[in-house]
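Student: Quick one: the structure is below, questions incoming.
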Amino acid sequence: SQQGEEDPQALSIQEGENATMNCSYKTSINNLQWYRQNSGRGLVHLILIRSNEREKHSGRLRVTLDTSKKSSSLLITASRAADTASYFCATDANNQGGKLIFGQGTELSVKP
Amino acid sequence: DAGVIQSPRHEVTEMGQEVTLRCKPISGHNSLFWYRQTMMRGLELLIYFNNNVPIDDSGMPEDRFSAKMPNASFSTLKIQPSEPRDSAVYFCASREDRPTDTQYFGPGTRLTVL
């Protein structure tokens, strides 16, 4: 079964608005990572947050991690049409040798 | 660095044929991962190697699939014989173990089995 589950499955917003995507997981983790995938392309790493971190920023991205609730959120501020893509969370679970388990992804559409 | 390189980018073959997908990881990375992505099943880890040794192949769907990593700069994923249900995008990713733990993905190989 999938370790990470994203919510919502699809999100449509206007340019300039903020986009929030959530991820829930089931087991203890070393870290959680967010990736972006443009249509027909490979995955691009966005940000990694370790289990002892609660919040991390990278440009317009803000990631939070709540290990007590086994959940994470990705916030994209001031969205742009170029942010249109699928976003995946991936968990690096304890004692799994570093392999990542991906969620099903959130499909984000930013309309100009 | 050129990033993770995969070939071919597209492969169309007929059922029963052998298919070989290739991957060149980023130089200096210790781990290499093979994933398969489909609409139905999402992104699935098939197998991963650490220092050229297969660590976990529990995601390999059946005996028709095999993977090798003869050296640190090359890996193959082979399907023999191929079936229409193997149609998917296959990604290779590599990682420099600690401190980054970040996986870098190749562009993928889109496989269509007729």
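Ligands are numbered from 1 in the order shown, residues from 1 within each chain, and chains are lettered A, B, ... in the order they appear in the structure tokens.
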Using only C-alpha atoms, determine which residues lie at most 6 Å from Ser71 (chain A), disregarding the query and same-chain residues fewer than 3 positions distant; provide the list as a ChimeraX atom specification.
Tutor: /A:23-24,66
Student: I need the chosen residues saved as a compact mmCIF listing (two decimals), in the first residue's frame, with N, CA and C atoms.
Tutor:
```txt
# COMPACT_ATOMS: atom_id res chain seq x y z
N CYS A 23 -0.14 15.79 2.73
CA CYS A 23 0.35 14.42 2.58
C CYS A 23 0.26 13.73 3.92
N SER A 24 -0.32 12.54 3.94
CA SER A 24 -0.34 11.75 5.17
C SER A 24 0.42 10.45 4.93
N ASP A 66 4.48 17.37 10.62
CA ASP A 66 3.96 17.06 11.94
C ASP A 66 4.07 15.55 12.14
```
Student: Report as a list in words the set of chain A residues whose atoms approach chain B to within 6 Å, with distances computed over only C-alpha atoms.
Tutor: Arg41, Gly42, Leu43 and Gln104 of chain A
Student: Do you know which residues are at most 10 Å from region 72-77 of chain A counting only C-alpha atoms, after dropping those on the same chain fewer than 4 positions away, and could you put them as JSON, numbers by chain?
Tutor: {"A": [4, 6, 7, 15, 16, 17, 18, 19, 20, 21, 22, 23, 24, 25, 32, 33, 34, 47, 49, 54, 55, 56, 57, 58, 59, 60, 61, 62, 63, 64, 65, 66, 67, 83, 87, 88, 89]}
Student: Counting only C-alpha atoms, what is within 6 Å of region 90-99 of chain A, bar same-chain residues fewer than 2 positions away, as a list in words?
Tutor: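 Everything that qualifies: Ser28, Ile29, Asn30, Asn31, Leu32, Gln33, Ile101 and Phe102 of chain A.
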Student: Which value, in Å to one decimal, gives the distance between CA of Pro8 (chain A) and CA of Arg36 (chain B)?
Tutor: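 These two atoms are separated by 22.7 Å.
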Student: I'd like the contact shell of region 65-73 of chain B - 7 Å cut-off, only C-alpha atoms, skipping same-chain residues fewer than 6 positions apart - returned as a PyMOL selection string.
Tutor: chain B and resi 24-25+27+51-52+79-80
